[in-house]
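Novice: target_37.txt is reproduced below (compact mmCIF, C-alpha atoms).
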# COMPACT_ATOMS: atom_id res chain seq x y z
CA MET P 1248 -1.17 101.52 -212.41
CA GLN P 1249 1.68 101.41 -214.91
CA THR P 1250 2.86 104.74 -216.32
CA ASN P 1251 5.12 105.62 -219.24
CA PHE P 1252 6.50 109.09 -218.70
CA SER P 1253 9.84 110.00 -220.24
CA VAL P 1254 12.82 111.20 -218.22
CA ALA P 1255 12.32 114.66 -219.70
CA GLN P 1256 8.67 114.70 -218.66
CA LEU P 1257 9.52 113.62 -215.12
CA ALA P 1258 11.78 116.65 -214.78
CA ASP P 1259 8.55 118.67 -214.49
CA PRO P 1260 7.53 118.64 -210.78
CA ASP P 1261 3.84 118.40 -211.69
CA ILE P 1262 4.41 115.40 -213.94
CA ALA P 1263 6.61 113.73 -211.33
CA GLU P 1264 3.89 114.23 -208.71
CA ALA P 1265 1.20 112.95 -211.05
CA ASN P 1266 3.31 109.90 -211.83
CA GLU P 1267 3.59 108.97 -208.15
CA ILE P 1268 -0.13 109.38 -207.62
CA LEU P 1269 -1.07 107.44 -210.76
CA ARG P 1270 1.22 104.56 -209.84
CA SER P 1271 -0.52 104.18 -206.47
CA CYS P 1272 -3.89 103.51 -208.18
CA VAL P 1273 -4.79 99.83 -208.64
CA HIS P 1274 -7.98 100.71 -210.58
CA CYS P 1275 -10.09 98.62 -208.17
CA GLY P 1276 -13.16 100.79 -208.69
CA PHE P 1277 -14.10 101.17 -205.02
CA CYS P 1278 -14.23 104.92 -205.62
CA THR P 1279 -17.08 104.64 -208.11
CA ALA P 1280 -19.57 103.60 -205.43
CA THR P 1281 -19.11 106.81 -203.44
CA CYS P 1282 -18.55 109.32 -206.25
CA PRO P 1283 -21.57 111.67 -206.50
CA THR P 1284 -21.24 112.25 -210.23
CA TYR P 1285 -20.86 108.57 -211.06
CA VAL P 1286 -23.81 107.69 -208.81
CA THR P 1287 -25.84 110.42 -210.53
CA LEU P 1288 -24.75 110.04 -214.16
CA GLY P 1289 -23.59 106.42 -214.36
CA ASP P 1290 -20.72 107.26 -216.72
CA GLU P 1291 -17.36 105.66 -215.97
CA LEU P 1292 -15.60 108.80 -217.17
CA ASP P 1293 -17.50 110.75 -214.52
CA SER P 1294 -15.94 108.62 -211.79
CA PRO P 1295 -12.54 109.15 -210.14
CA ARG P 1296 -11.16 106.08 -211.90
CA GLY P 1297 -12.35 107.37 -215.26
CA ARG P 1298 -10.91 110.82 -214.66
CA ILE P 1299 -7.62 109.29 -213.55
CA TYR P 1300 -7.38 107.52 -216.90
CA LEU P 1301 -8.20 110.73 -218.77
CA ILE P 1302 -5.53 112.68 -216.88
CA LYS P 1303 -2.98 109.90 -217.36
CA GLU P 1304 -3.52 109.75 -221.12
CA MET P 1305 -3.44 113.53 -221.47
CA LEU P 1306 -0.23 113.98 -219.48
CA GLU P 1307 1.63 110.94 -220.79
CA ASN P 1308 1.03 111.91 -224.41
CA ASP P 1309 1.60 115.61 -223.78
CA LYS P 1310 -1.77 116.30 -225.39
CA GLU P 1311 -3.83 119.44 -225.27
CA ALA P 1312 -7.03 119.02 -223.30
CA THR P 1313 -10.04 118.23 -225.48
CA LYS P 1314 -13.65 119.21 -224.92
CA PRO P 1315 -14.72 115.69 -223.76
CA VAL P 1316 -11.84 115.55 -221.26
CA VAL P 1317 -12.63 119.04 -219.98
CA THR P 1318 -16.30 118.15 -219.63
CA HIS P 1319 -15.56 115.19 -217.37
CA LEU P 1320 -12.94 117.02 -215.29
CA ASP P 1321 -15.23 120.03 -214.87
CA ARG P 1322 -17.93 117.72 -213.54
CA CYS P 1323 -15.71 116.65 -210.64
CA LEU P 1324 -16.90 118.26 -207.40
CA SER P 1325 -13.57 117.85 -205.58
CA CYS P 1326 -15.59 116.40 -202.72
CA PHE P 1327 -12.80 113.84 -202.11
CA SER P 1328 -15.22 111.11 -201.09
CA CYS P 1329 -13.10 108.87 -203.30
CA MET P 1330 -10.09 109.51 -201.06
CA THR P 1331 -12.02 108.32 -198.02
CA THR P 1332 -13.03 105.16 -199.88
CA CYS P 1333 -9.74 104.39 -201.67
CA PRO P 1334 -7.88 101.43 -200.08
CA SER P 1335 -4.63 102.39 -201.84
CA GLY P 1336 -4.34 105.98 -200.62
CA VAL P 1337 -4.51 107.59 -204.06
CA HIS P 1338 -4.17 111.36 -203.53
CA TYR P 1339 -6.86 112.30 -206.02
CA GLN P 1340 -7.05 115.84 -204.61
CA HIS P 1341 -3.61 116.73 -205.95
CA LEU P 1342 -4.00 114.77 -209.17
CA VAL P 1343 -7.22 116.46 -210.24
CA ASP P 1344 -5.69 119.87 -209.51
CA ILE P 1345 -2.76 118.98 -211.78
CA GLY P 1346 -5.28 117.98 -214.44
CA ARG P 1347 -7.13 121.28 -214.05
CA ARG P 1348 -3.93 123.27 -214.40
CA TRP P 1349 -3.19 121.39 -217.61
CA VAL P 1350 -6.66 122.26 -218.87
CA GLN P 1351 -6.13 125.90 -217.93
CA GLN P 1352 -2.88 125.97 -219.90
CA THR P 1353 -3.92 124.04 -223.01
CA TYR P 1354 -7.66 124.42 -223.55
CA LYS P 1355 -9.49 127.42 -225.03
CA ARG P 1356 -12.89 127.66 -223.41
CA PRO P 1357 -15.84 129.30 -225.18
CA ILE P 1358 -15.77 133.07 -224.62
CA PRO P 1359 -18.96 133.27 -222.44
CA GLU P 1360 -17.68 130.46 -220.22
CA LYS P 1361 -14.24 132.03 -219.98
CA ILE P 1362 -15.74 135.39 -219.00
CA PHE P 1363 -18.00 133.86 -216.36
CA ARG P 1364 -15.11 131.96 -214.75
CA PHE P 1365 -12.98 135.12 -214.81
CA VAL P 1366 -15.75 137.11 -213.10
CA LEU P 1367 -16.12 134.48 -210.37
CA ALA P 1368 -12.39 134.55 -209.63
CA TRP P 1369 -12.29 138.36 -209.74
CA LEU P 1370 -15.38 138.87 -207.59
CA LEU P 1371 -15.95 136.19 -204.95
CA PRO P 1372 -12.61 136.25 -203.09
CA TYR P 1373 -12.97 139.97 -202.35
CA PRO P 1374 -15.70 140.95 -199.86
CA LYS P 1375 -15.90 144.62 -200.90
CA ARG P 1376 -16.31 143.75 -204.57
CA PHE P 1377 -18.77 140.99 -203.80
CA ARG P 1378 -20.90 143.18 -201.54
CA LEU P 1379 -21.00 145.91 -204.17
CA ALA P 1380 -22.07 143.36 -206.77
CA MET P 1381 -24.80 142.04 -204.47
CA LEU P 1382 -26.35 145.51 -204.38
CA GLY P 1383 -27.42 144.77 -207.93
CA ALA P 1384 -29.20 141.58 -206.89
CA GLY P 1385 -32.57 142.93 -208.06
CA MET P 1386 -31.27 143.34 -211.60
CA LEU P 1387 -29.69 139.91 -211.38
CA ARG P 1388 -33.03 138.31 -210.49
CA LEU P 1389 -34.65 140.12 -213.41
CA LEU P 1390 -32.01 138.82 -215.80
CA ALA P 1391 -32.33 135.35 -214.30
CA LYS P 1392 -35.98 135.23 -215.38
CA ILE P 1393 -34.83 135.72 -218.95
CA PHE P 1394 -31.67 133.61 -218.93
CA ASN P 1395 -31.39 130.19 -217.33
CA GLY P 1396 -28.23 128.40 -216.20
CA PRO P 1397 -25.59 130.02 -213.98
CA LEU P 1398 -27.39 133.37 -213.69
CA ALA P 1399 -30.53 131.71 -212.33
CA THR P 1400 -28.47 129.73 -209.83
CA LEU P 1401 -26.55 132.81 -208.74
CA ALA P 1402 -29.81 134.72 -208.28
CA ALA P 1403 -31.23 131.91 -206.12
CA LEU P 1404 -28.15 132.03 -203.89
CA THR P 1405 -28.31 135.80 -203.46
CA PRO P 1406 -29.83 136.90 -200.13
CA ASP P 1407 -32.76 139.31 -200.06
CA LYS P 1408 -30.92 141.49 -197.58
CA ILE P 1409 -27.27 142.47 -197.82
CA GLU P 1410 -25.64 142.69 -194.41
CA PRO P 1411 -23.49 145.74 -193.55
CA PRO P 1412 -19.70 145.27 -193.56
CA SER P 1413 -18.56 142.87 -190.88
CA PRO P 1414 -16.14 144.01 -188.14
CA THR P 1415 -13.90 141.10 -189.16
CA GLU P 1416 -13.22 142.72 -192.52
CA THR P 1417 -10.57 144.81 -190.79
CA ALA P 1418 -7.72 143.66 -188.59
CA SER P 1419 -8.77 143.48 -184.96
CA THR P 1420 -8.28 141.63 -181.69
CA TYR P 1421 -11.15 140.26 -179.62
CA LEU P 1422 -10.31 139.65 -175.97
CA PRO P 1423 -12.26 137.57 -173.42
CA ASN P 1424 -13.62 139.30 -170.34
CA GLY P 1425 -11.60 137.23 -167.91
CA LYS P 1426 -8.25 135.49 -167.92
CA ILE P 1427 -6.75 134.76 -171.33
CA LYS P 1428 -6.27 131.00 -171.65
CA GLY P 1429 -5.06 130.99 -175.22
CA ARG P 1430 -4.75 132.94 -178.46
CA VAL P 1431 -5.85 132.00 -181.95
CA GLY P 1432 -5.91 133.56 -185.37
CA LEU P 1433 -9.16 133.55 -187.32
CA LEU P 1434 -9.59 133.22 -191.06
CA ALA P 1435 -12.48 135.63 -191.60
CA GLY P 1436 -13.01 134.42 -195.15
CA CYS P 1437 -14.48 136.20 -198.16
CA VAL P 1438 -17.96 135.14 -199.35
CA GLN P 1439 -19.00 134.20 -195.82
CA GLN P 1440 -18.39 137.74 -194.54
CA VAL P 1441 -20.88 139.09 -197.07
CA LEU P 1442 -23.56 136.40 -196.96
CA ILE P 1443 -23.62 135.43 -193.25
CA PRO P 1444 -21.16 137.55 -191.22
CA GLU P 1445 -22.85 136.28 -188.05
CA ILE P 1446 -20.86 133.03 -188.37
CA ASN P 1447 -17.62 134.85 -187.59
CA MET P 1448 -19.17 136.82 -184.74
CA ALA P 1449 -20.61 133.63 -183.23
CA THR P 1450 -17.16 132.04 -183.51
CA ILE P 1451 -15.54 134.97 -181.75
CA ARG P 1452 -18.15 135.06 -178.97
CA LEU P 1453 -17.82 131.33 -178.43
CA LEU P 1454 -14.03 131.42 -178.21
CA ASN P 1455 -13.99 134.54 -176.02
CA ARG P 1456 -16.50 132.92 -173.70
CA HIS P 1457 -13.97 130.13 -173.17
CA GLY P 1458 -11.08 132.47 -172.49
CA ILE P 1459 -9.58 132.46 -175.98
CA ALA P 1460 -8.38 135.71 -177.53
CA VAL P 1461 -9.12 135.94 -181.25
CA ILE P 1462 -6.86 137.84 -183.66
CA VAL P 1463 -7.98 138.79 -187.17
CA SER P 1464 -4.65 139.67 -188.78
CA GLU P 1465 -3.92 142.40 -191.29
CA GLY P 1466 -3.21 140.94 -194.72
CA VAL P 1467 -5.17 137.70 -194.38
CA GLY P 1468 -7.72 137.29 -197.16
CA CYS P 1469 -9.20 134.57 -199.34
CA CYS P 1470 -7.64 131.14 -198.79
CA GLY P 1471 -7.22 130.58 -202.55
CA ALA P 1472 -9.45 127.53 -202.87
CA LEU P 1473 -11.73 129.11 -205.43
CA GLU P 1474 -8.92 129.84 -207.89
CA GLN P 1475 -7.34 126.48 -207.15
CA HIS P 1476 -10.45 124.61 -208.25
CA LEU P 1477 -10.73 126.79 -211.34
CA GLY P 1478 -7.24 125.68 -212.36
CA GLN P 1479 -5.73 129.09 -211.58
CA GLU P 1480 -2.99 127.86 -209.28
CA GLU P 1481 -0.73 130.91 -209.55
CA ALA P 1482 -3.54 133.08 -208.18
CA ALA P 1483 -4.17 130.52 -205.42
CA ARG P 1484 -0.49 130.57 -204.53
CA ARG P 1485 -0.48 134.35 -204.28
CA HIS P 1486 -3.39 134.22 -201.82
CA ALA P 1487 -1.68 131.47 -199.85
CA SER P 1488 1.68 133.24 -199.74
CA ARG P 1489 0.12 136.48 -198.50
CA ASN P 1490 -1.80 134.61 -195.78
CA VAL P 1491 1.30 132.69 -194.72
CA ASP P 1492 3.24 135.94 -194.30
CA ALA P 1493 0.47 137.49 -192.22
CA TRP P 1494 -0.04 134.45 -190.02
CA MET P 1495 3.66 133.90 -189.42
CA ARG P 1496 3.84 137.48 -188.13
CA ALA P 1497 0.86 136.76 -185.87
CA ILE P 1498 2.37 133.51 -184.61
CA LYS P 1499 5.56 135.36 -183.62
CA GLU P 1500 3.86 138.48 -182.22
CA HIS P 1501 0.94 136.89 -180.39
CA GLY P 1502 2.09 133.32 -179.72
CA LEU P 1503 -0.92 131.78 -181.45
CA ASP P 1504 -2.05 128.34 -180.34
CA ALA P 1505 -3.94 127.70 -183.59
CA ILE P 1506 -5.39 129.26 -186.71
CA ILE P 1507 -9.15 128.78 -186.62
CA VAL P 1508 -11.14 128.20 -189.80
CA ASN P 1509 -14.94 128.03 -189.65
CA ALA P 1510 -15.56 127.35 -193.35
CA SER P 1511 -14.47 123.78 -193.97
CA GLY P 1512 -13.77 124.34 -197.66
CA CYS P 1513 -11.23 126.97 -196.66
CA GLY P 1514 -9.85 124.72 -193.92
CA THR P 1515 -9.04 121.98 -196.40
CA GLN P 1516 -7.14 124.51 -198.50
CA VAL P 1517 -5.18 126.07 -195.62
CA LYS P 1518 -4.19 122.65 -194.31
CA ASP P 1519 -2.72 121.96 -197.76
CA TYR P 1520 -0.58 125.12 -197.89
CA GLY P 1521 2.57 123.11 -197.24
CA TYR P 1522 1.96 121.19 -200.44
CA LEU P 1523 0.73 124.16 -202.44
CA LEU P 1524 3.89 126.19 -201.74
CA ARG P 1525 6.27 123.23 -201.60
CA ASP P 1526 8.39 124.51 -204.50
CA ASP P 1527 8.81 128.00 -203.06
CA PRO P 1528 12.28 128.11 -201.46
CA ILE P 1529 11.27 130.98 -199.19
CA GLN P 1530 7.72 130.07 -198.26
CA SER P 1531 7.69 126.27 -198.12
CA LYS P 1532 8.75 125.96 -194.47
CA ASN P 1533 6.46 128.74 -193.28
CA ALA P 1534 3.56 127.33 -195.30
CA ALA P 1535 4.01 123.95 -193.61
CA THR P 1536 4.00 125.69 -190.23
CA VAL P 1537 0.77 127.55 -190.99
CA ALA P 1538 -0.85 124.36 -192.29
CA ALA P 1539 0.06 122.59 -189.06
CA PHE P 1540 -1.54 125.40 -187.02
CA ALA P 1541 -4.84 125.27 -188.95
CA ARG P 1542 -7.85 123.80 -187.12
CA ASP P 1543 -11.54 123.65 -187.88
CA ILE P 1544 -13.43 125.42 -185.09
CA SER P 1545 -15.09 122.17 -184.00
CA GLU P 1546 -11.77 120.35 -184.06
CA PHE P 1547 -10.17 122.99 -181.84
CA LEU P 1548 -13.01 123.07 -179.33
CA GLU P 1549 -13.24 119.31 -179.00
CA ALA P 1550 -9.48 118.84 -178.63
CA SER P 1551 -9.17 121.68 -176.10
CA GLY P 1552 -11.97 120.41 -173.89
CA LEU P 1553 -13.61 123.81 -174.09
CA PHE P 1554 -17.32 123.41 -173.79
CA HIS P 1555 -19.68 124.49 -171.05
CA PRO P 1556 -23.31 124.61 -172.21
CA ARG P 1557 -25.55 126.87 -170.15
CA HIS P 1558 -28.87 125.58 -171.33
CA VAL P 1559 -30.14 122.57 -173.23
CA THR P 1560 -32.50 123.17 -176.13
CA GLY P 1561 -33.45 119.60 -176.99
CA ILE P 1562 -33.88 120.64 -180.62
CA ASP P 1563 -33.67 117.90 -183.29
CA ILE P 1564 -30.76 118.56 -185.66
CA ALA P 1565 -29.97 116.97 -189.02
CA TYR P 1566 -26.19 117.26 -189.16
CA HIS P 1567 -24.84 117.57 -192.70
CA SER P 1568 -21.15 116.71 -192.70
CA ALA P 1569 -19.57 118.91 -195.37
CA CYS P 1570 -17.38 116.97 -197.80
CA SER P 1571 -14.44 119.27 -197.17
CA LEU P 1572 -14.69 118.49 -193.46
CA GLN P 1573 -15.34 114.75 -193.49
CA HIS P 1574 -13.31 113.83 -196.59
CA GLY P 1575 -10.89 116.73 -196.99
CA GLN P 1576 -9.93 117.14 -193.31
CA LYS P 1577 -11.10 113.80 -191.86
CA VAL P 1578 -12.99 115.65 -189.11
CA THR P 1579 -16.14 113.65 -188.46
CA ASP P 1580 -16.74 113.16 -184.73
CA ALA P 1581 -16.00 116.60 -183.26
CA PRO P 1582 -19.05 118.53 -184.58
CA ARG P 1583 -21.45 115.76 -183.60
CA SER P 1584 -19.87 115.41 -180.17
CA LEU P 1585 -20.08 119.13 -179.44
CA LEU P 1586 -23.69 119.37 -180.59
CA GLN P 1587 -24.66 116.37 -178.48
CA LYS P 1588 -22.88 117.78 -175.42
CA SER P 1589 -24.99 120.92 -175.76
CA GLY P 1590 -28.21 118.90 -175.74
CA PHE P 1591 -29.06 118.87 -179.42
CA GLN P 1592 -30.55 115.65 -180.72
CA ILE P 1593 -28.56 114.52 -183.76
CA HIS P 1594 -30.25 112.80 -186.69
CA GLU P 1595 -27.91 111.09 -189.13
CA ILE P 1596 -28.65 111.70 -192.80
CA ALA P 1597 -28.82 108.76 -195.19
CA GLU P 1598 -26.07 108.84 -197.84
CA GLY P 1599 -24.19 111.27 -195.64
CA HIS P 1600 -21.01 110.72 -197.63
CA LEU P 1601 -22.52 112.24 -200.79
CA CYS P 1602 -21.98 115.91 -201.68
CA CYS P 1603 -24.84 118.43 -201.55
CA GLY P 1604 -23.69 119.93 -204.85
CA SER P 1605 -22.26 123.21 -203.57
CA ALA P 1606 -18.52 122.48 -203.88
CA GLY P 1607 -17.26 126.06 -204.08
CA THR P 1608 -18.47 127.44 -207.40
CA TYR P 1609 -19.69 124.07 -208.70
CA ASN P 1610 -23.37 124.97 -208.26
CA LEU P 1611 -22.75 127.98 -210.51
CA LEU P 1612 -20.70 126.17 -213.14
CA GLN P 1613 -22.64 122.88 -213.16
CA PRO P 1614 -26.13 123.98 -212.03
CA GLU P 1615 -28.10 120.96 -213.27
CA ILE P 1616 -25.92 118.32 -211.59
CA ALA P 1617 -25.66 120.47 -208.46
CA ALA P 1618 -29.44 120.87 -208.25
CA GLY P 1619 -29.90 117.12 -208.55
CA LEU P 1620 -27.45 116.45 -205.74
CA ARG P 1621 -29.06 119.15 -203.60
CA ASP P 1622 -32.52 117.66 -204.06
CA ARG P 1623 -31.21 114.20 -203.23
CA LYS P 1624 -29.60 115.53 -200.06
CA ILE P 1625 -32.70 117.49 -199.07
CA GLY P 1626 -34.84 114.40 -199.57
CA ASN P 1627 -32.65 112.49 -197.14
CA ILE P 1628 -32.68 115.38 -194.67
CA GLU P 1629 -36.45 115.77 -194.72
CA ALA P 1630 -36.87 112.03 -194.20
CA THR P 1631 -35.59 112.59 -190.65
CA ASP P 1632 -37.55 114.23 -187.83
CA ALA P 1633 -35.12 117.12 -187.69
CA ARG P 1634 -36.36 120.68 -187.44
CA VAL P 1635 -33.03 122.35 -188.18
CA VAL P 1636 -30.09 121.55 -190.46
CA ALA P 1637 -26.57 122.18 -189.16
CA THR P 1638 -23.35 122.15 -191.14
CA GLY P 1639 -19.86 123.62 -190.97
CA ASN P 1640 -19.49 125.22 -194.39
CA ILE P 1641 -20.98 128.39 -195.85
CA GLY P 1642 -21.26 126.85 -199.32
CA CYS P 1643 -23.33 123.96 -198.05
CA MET P 1644 -25.54 126.34 -196.07
CA THR P 1645 -26.45 128.48 -199.06
CA GLN P 1646 -26.88 125.46 -201.32
CA LEU P 1647 -29.17 123.55 -198.96
CA GLN P 1648 -31.26 126.58 -198.04
CA THR P 1649 -32.36 126.98 -201.67
CA GLY P 1650 -34.02 123.56 -201.50
CA THR P 1651 -35.78 123.38 -198.13
CA ALA P 1652 -37.96 125.39 -195.78
CA LEU P 1653 -36.02 124.00 -192.81
CA PRO P 1654 -33.62 126.57 -191.34
CA VAL P 1655 -29.98 125.87 -192.17
CA VAL P 1656 -27.40 127.17 -189.70
CA HIS P 1657 -23.71 126.83 -189.01
CA THR P 1658 -22.68 124.44 -186.26
CA VAL P 1659 -20.86 127.23 -184.45
CA GLN P 1660 -24.06 129.32 -184.29
CA LEU P 1661 -25.76 126.53 -182.35
CA LEU P 1662 -22.78 126.08 -180.03
CA ASP P 1663 -22.67 129.82 -179.38
CA TRP P 1664 -26.38 129.81 -178.55
CA ALA P 1665 -26.05 126.82 -176.23
CA THR P 1666 -23.25 128.48 -174.28
CA GLY P 1667 -24.99 131.79 -173.71
CA GLY P 1668 -25.03 133.55 -177.06
CA PRO P 1669 -28.07 134.77 -178.98
CA LYS P 1670 -30.41 132.45 -180.79
CA PRO P 1671 -29.48 132.27 -184.51
CA VAL P 1672 -31.67 134.60 -186.55
CA ALA P 1673 -32.61 131.70 -188.83
CA LEU P 1674 -34.33 130.00 -185.87
CA ALA P 1675 -36.52 132.96 -184.96
CA ASP P 1676 -39.67 131.39 -186.38
CA LEU P 1677 -39.34 128.01 -184.70
CA GLY P 1678 -41.62 129.00 -181.84
CA LYS P 1679 -41.57 129.64 -178.12
CA LYS P 1680 -40.31 126.13 -177.41
CA LEU P 1681 -36.89 127.14 -178.75
CA SER P 1682 -36.75 130.59 -177.26
CA SER P 1683 -33.66 131.45 -175.35
Please lay out the structure from this file as structure tokens.
Specialist:
Amino acid sequence: MQTNFSVAQLADPDIAEANEILRSCVHCGFCTATCPTYVTLGDELDSPRGRIYLIKEMLENDKEATKPVVTHLDRCLSCFSCMTTCPSGVHYQHLVDIGRRWVQQTYKRPIPEKIFRFVLAWLLPYPKRFRLAMLGAGMLRLLAKIFNGPLATLAALTPDKIEPPSPTETASTYLPNGKIKGRVGLLAGCVQQVLIPEINMATIRLLNRHGIAVIVSEGVGCCGALEQHLGQEEAARRHASRNVDAWMRAIKEHGLDAIIVNASGCGTQVKDYGYLLRDDPIQSKNAATVAAFARDISEFLEASGLFHPRHVTGIDIAYHSACSLQHGQKVTDAPRSLLQKSGFQIHEIAEGHLCCGSAGTYNLLQPEIAAGLRDRKIGNIEATDARVVATGNIGCMTQLQTGTALPVVHTVQLLDWATGGPKPVALADLGKKLSS
């Protein structure tokens, strides 16, 4: 694609980066076939190619973002399916983030929308705040009956029972019973610790069972992905910088072999820290080191050869490959391989490349499109003979569970169960056949 930026414009690192990405696009349109919003809405401007043109025109002409442009950029899920499809290697992930930052800087959103986005960024990355807010879930459901839109979606995603604070909310070290074969850091996350803290505990049990010590480091918090996708890159960088400092200390003090992430949306973000902090003269090298250490839990287990199932369940699983895992991190085989090795019967889901509609806060900000994508995904899941849905991302879990009676669990919960851990609570009603 031909671009026409001035020398002065190219002095801006963001514009220079956008220029390189734009010039790699040959506008072939392959991306349109796998873009969830284009497939759903049929509008060229709701495809990656269309959004690329919108961003190009906005940046080249140094124009303030307009409502139509913002509408189409906001509808992007950042699922990155287009990057898997693209034959030219267009780094759409970085380009759309540049576009969102431009929107954040130049566009005045309506006050209610601005407030809602502020509340999401202030609340969700902080477990203590989020848990406190969830205590008012009853009032939220009452308000949701009166007001539709984001409030109704948020109410649907709110659990009936709020779990007590997770042990992983404080710095701690979890040692295996026997010989220590390795040491890893764990990103405990933010929303996940409040909604389903059992995911972290299953991860720790699983790693300990295989001789891996797990360190939850002081100072590690939200990965920054939520703010990043809201266009608030400075906030995302602050989260990333703090995490990099904490993990670099842990790497030096404990000799970590990897940094384990069990929420794939967070994993995609952490693996991009080197790029996110590339302009920081102090942090850039350390950020690249941390990014290189980051591994999805399934990726780490498969590569390490650590897997010794104690019993085979034979349960039929519909495996939903989260977009952030299959497109963002290019991890596709490891979860399936591990589940199959433990005796689970894997059912592939039709249109597996399409997003379920969760996409961080997307299901709160774009509830109608998200609900349509969820229902499409659930339809494909229920067309299989599966009795359980497995996935590697907390966002996908909560999104899918609002649309099906099938239990939805994290992949690591099943692997923990298969290797001697407790049966996931979500599977309690499946009957004696699945009892441990």
Novice: Smallest atom-to-atom distance to Leu1620 in chain P: which of P:Gln1475, P:Asn1640, P:Thr1284, P:Ser1531, using only C-alpha atoms?
Specialist: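 Of the candidates, the smallest distance to Leu1620 in chain P is held by P:Thr1284.
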Novice: Can you list, as a compact mmCIF listing (two decimals) with C-alpha atoms, in the frame of the given file, every protein, DNA or RNA residue that comes within 9 Å of range 1346-1348 of chain P when you count all atoms listed in the file, leaving out same-chain residues fewer than 5 positions away?
Specialist:
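Saved as out-v7.txt:
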# COMPACT_ATOMS: atom_id res chain seq x y z
CA ALA P 1265 1.20 112.95 -211.05
CA LEU P 1301 -8.20 110.73 -218.77
CA ILE P 1302 -5.53 112.68 -216.88
CA LYS P 1303 -2.98 109.90 -217.36
CA MET P 1305 -3.44 113.53 -221.47
CA LEU P 1306 -0.23 113.98 -219.48
CA VAL P 1317 -12.63 119.04 -219.98
CA LEU P 1320 -12.94 117.02 -215.29
CA ASP P 1321 -15.23 120.03 -214.87
CA HIS P 1341 -3.61 116.73 -205.95
CA THR P 1353 -3.92 124.04 -223.01
CA GLN P 1475 -7.34 126.48 -207.15
CA HIS P 1476 -10.45 124.61 -208.25
CA LEU P 1477 -10.73 126.79 -211.34
CA GLY P 1478 -7.24 125.68 -212.36
CA GLN P 1479 -5.73 129.09 -211.58
CA GLU P 1480 -2.99 127.86 -209.28
Novice: Would you mind listing what lies within 7 Å of Ile1506 in chain P as a list in words, with all atoms listed in the file counted and same-chain residues fewer than 2 positions away left out?
Specialist: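 Listing them by chain and then by number gives Val1431, Gly1432, Leu1433, Val1508, Phe1540, Ala1541 and Arg1542 of chain P.
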Novice: Would you list the contacts of range 1604-1619 of chain P as a ChimeraX atom specification, taking every protein, DNA or RNA residue within 6 Å and counting only C-alpha atoms, but skipping same-chain residues closer than 2 positions in sequence?
Specialist: /P:1324,1397,1602,1621-1622,1642-1643,1646
Novice: Separation of CA of Arg1378 in chain P and CA of Leu1473 in chain P, in Å?
Specialist: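 Result for CA of Arg1378 in chain P versus CA of Leu1473 in chain P: 17.2 Å, one decimal.
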Novice: Nearest to Arg1525 in chain P among P:Arg1298, P:Arg1557, P:Arg1484, P:Arg1270, with distances taken over all atoms listed in the file: which residue is it?
Specialist: P:Arg1484
Novice: Might you pull out every residue within 7 Å of Ala1487 in chain P, with all atoms listed in the file counted and same-chain residues fewer than 5 positions away left off, and present them as a PyMOL selection string?
Specialist: chain P and resi 1470-1471+1520
Novice: With only C-alpha atoms as the counted atoms, please give the residues lying no more than 12 Å from Tyr1300 in chain P, apart from itself and same-chain residues fewer than 3 positions off, as a PDB file with C-alpha atoms, keeping the file's coordinate frame.
Specialist:
ATOM      1  CA  MET P1248      -1.170 101.520-212.410  1.00  0.00           C
ATOM      2  CA  GLN P1249       1.680 101.410-214.910  1.00  0.00           C
ATOM      3  CA  THR P1250       2.860 104.740-216.320  1.00  0.00           C
ATOM      4  CA  ALA P1265       1.200 112.950-211.050  1.00  0.00           C
ATOM      5  CA  ILE P1268      -0.130 109.380-207.620  1.00  0.00           C
ATOM      6  CA  LEU P1269      -1.070 107.440-210.760  1.00  0.00           C
ATOM      7  CA  ARG P1270       1.220 104.560-209.840  1.00  0.00           C
ATOM      8  CA  CYS P1272      -3.890 103.510-208.180  1.00  0.00           C
ATOM      9  CA  VAL P1273      -4.790  99.830-208.640  1.00  0.00           C
ATOM     10  CA  HIS P1274      -7.980 100.710-210.580  1.00  0.00           C
ATOM     11  CA  GLU P1291     -17.360 105.660-215.970  1.00  0.00           C
ATOM     12  CA  LEU P1292     -15.600 108.800-217.170  1.00  0.00           C
ATOM     13  CA  ASP P1293     -17.500 110.750-214.520  1.00  0.00           C
ATOM     14  CA  SER P1294     -15.940 108.620-211.790  1.00  0.00           C
ATOM     15  CA  PRO P1295     -12.540 109.150-210.140  1.00  0.00           C
ATOM     16  CA  ARG P1296     -11.160 106.080-211.900  1.00  0.00           C
ATOM     17  CA  GLY P1297     -12.350 107.370-215.260  1.00  0.00           C
ATOM     18  CA  LYS P1303      -2.980 109.900-217.360  1.00  0.00           C
ATOM     19  CA  GLU P1304      -3.520 109.750-221.120  1.00  0.00           C
ATOM     20  CA  MET P1305      -3.440 113.530-221.470  1.00  0.00           C
ATOM     21  CA  LEU P1306      -0.230 113.980-219.480  1.00  0.00           C
ATOM     22  CA  GLU P1307       1.630 110.940-220.790  1.00  0.00           C
ATOM     23  CA  VAL P1316     -11.840 115.550-221.260  1.00  0.00           C
ATOM     24  CA  HIS P1319     -15.560 115.190-217.370  1.00  0.00           C
ATOM     25  CA  LEU P1320     -12.940 117.020-215.290  1.00  0.00           C
ATOM     26  CA  TYR P1339      -6.860 112.300-206.020  1.00  0.00           C
ATOM     27  CA  LEU P1342      -4.000 114.770-209.170  1.00  0.00           C
ATOM     28  CA  VAL P1343      -7.220 116.460-210.240  1.00  0.00           C
ATOM     29  CA  GLY P1346      -5.280 117.980-214.440  1.00  0.00           C
TER      30      GLY P1346
END
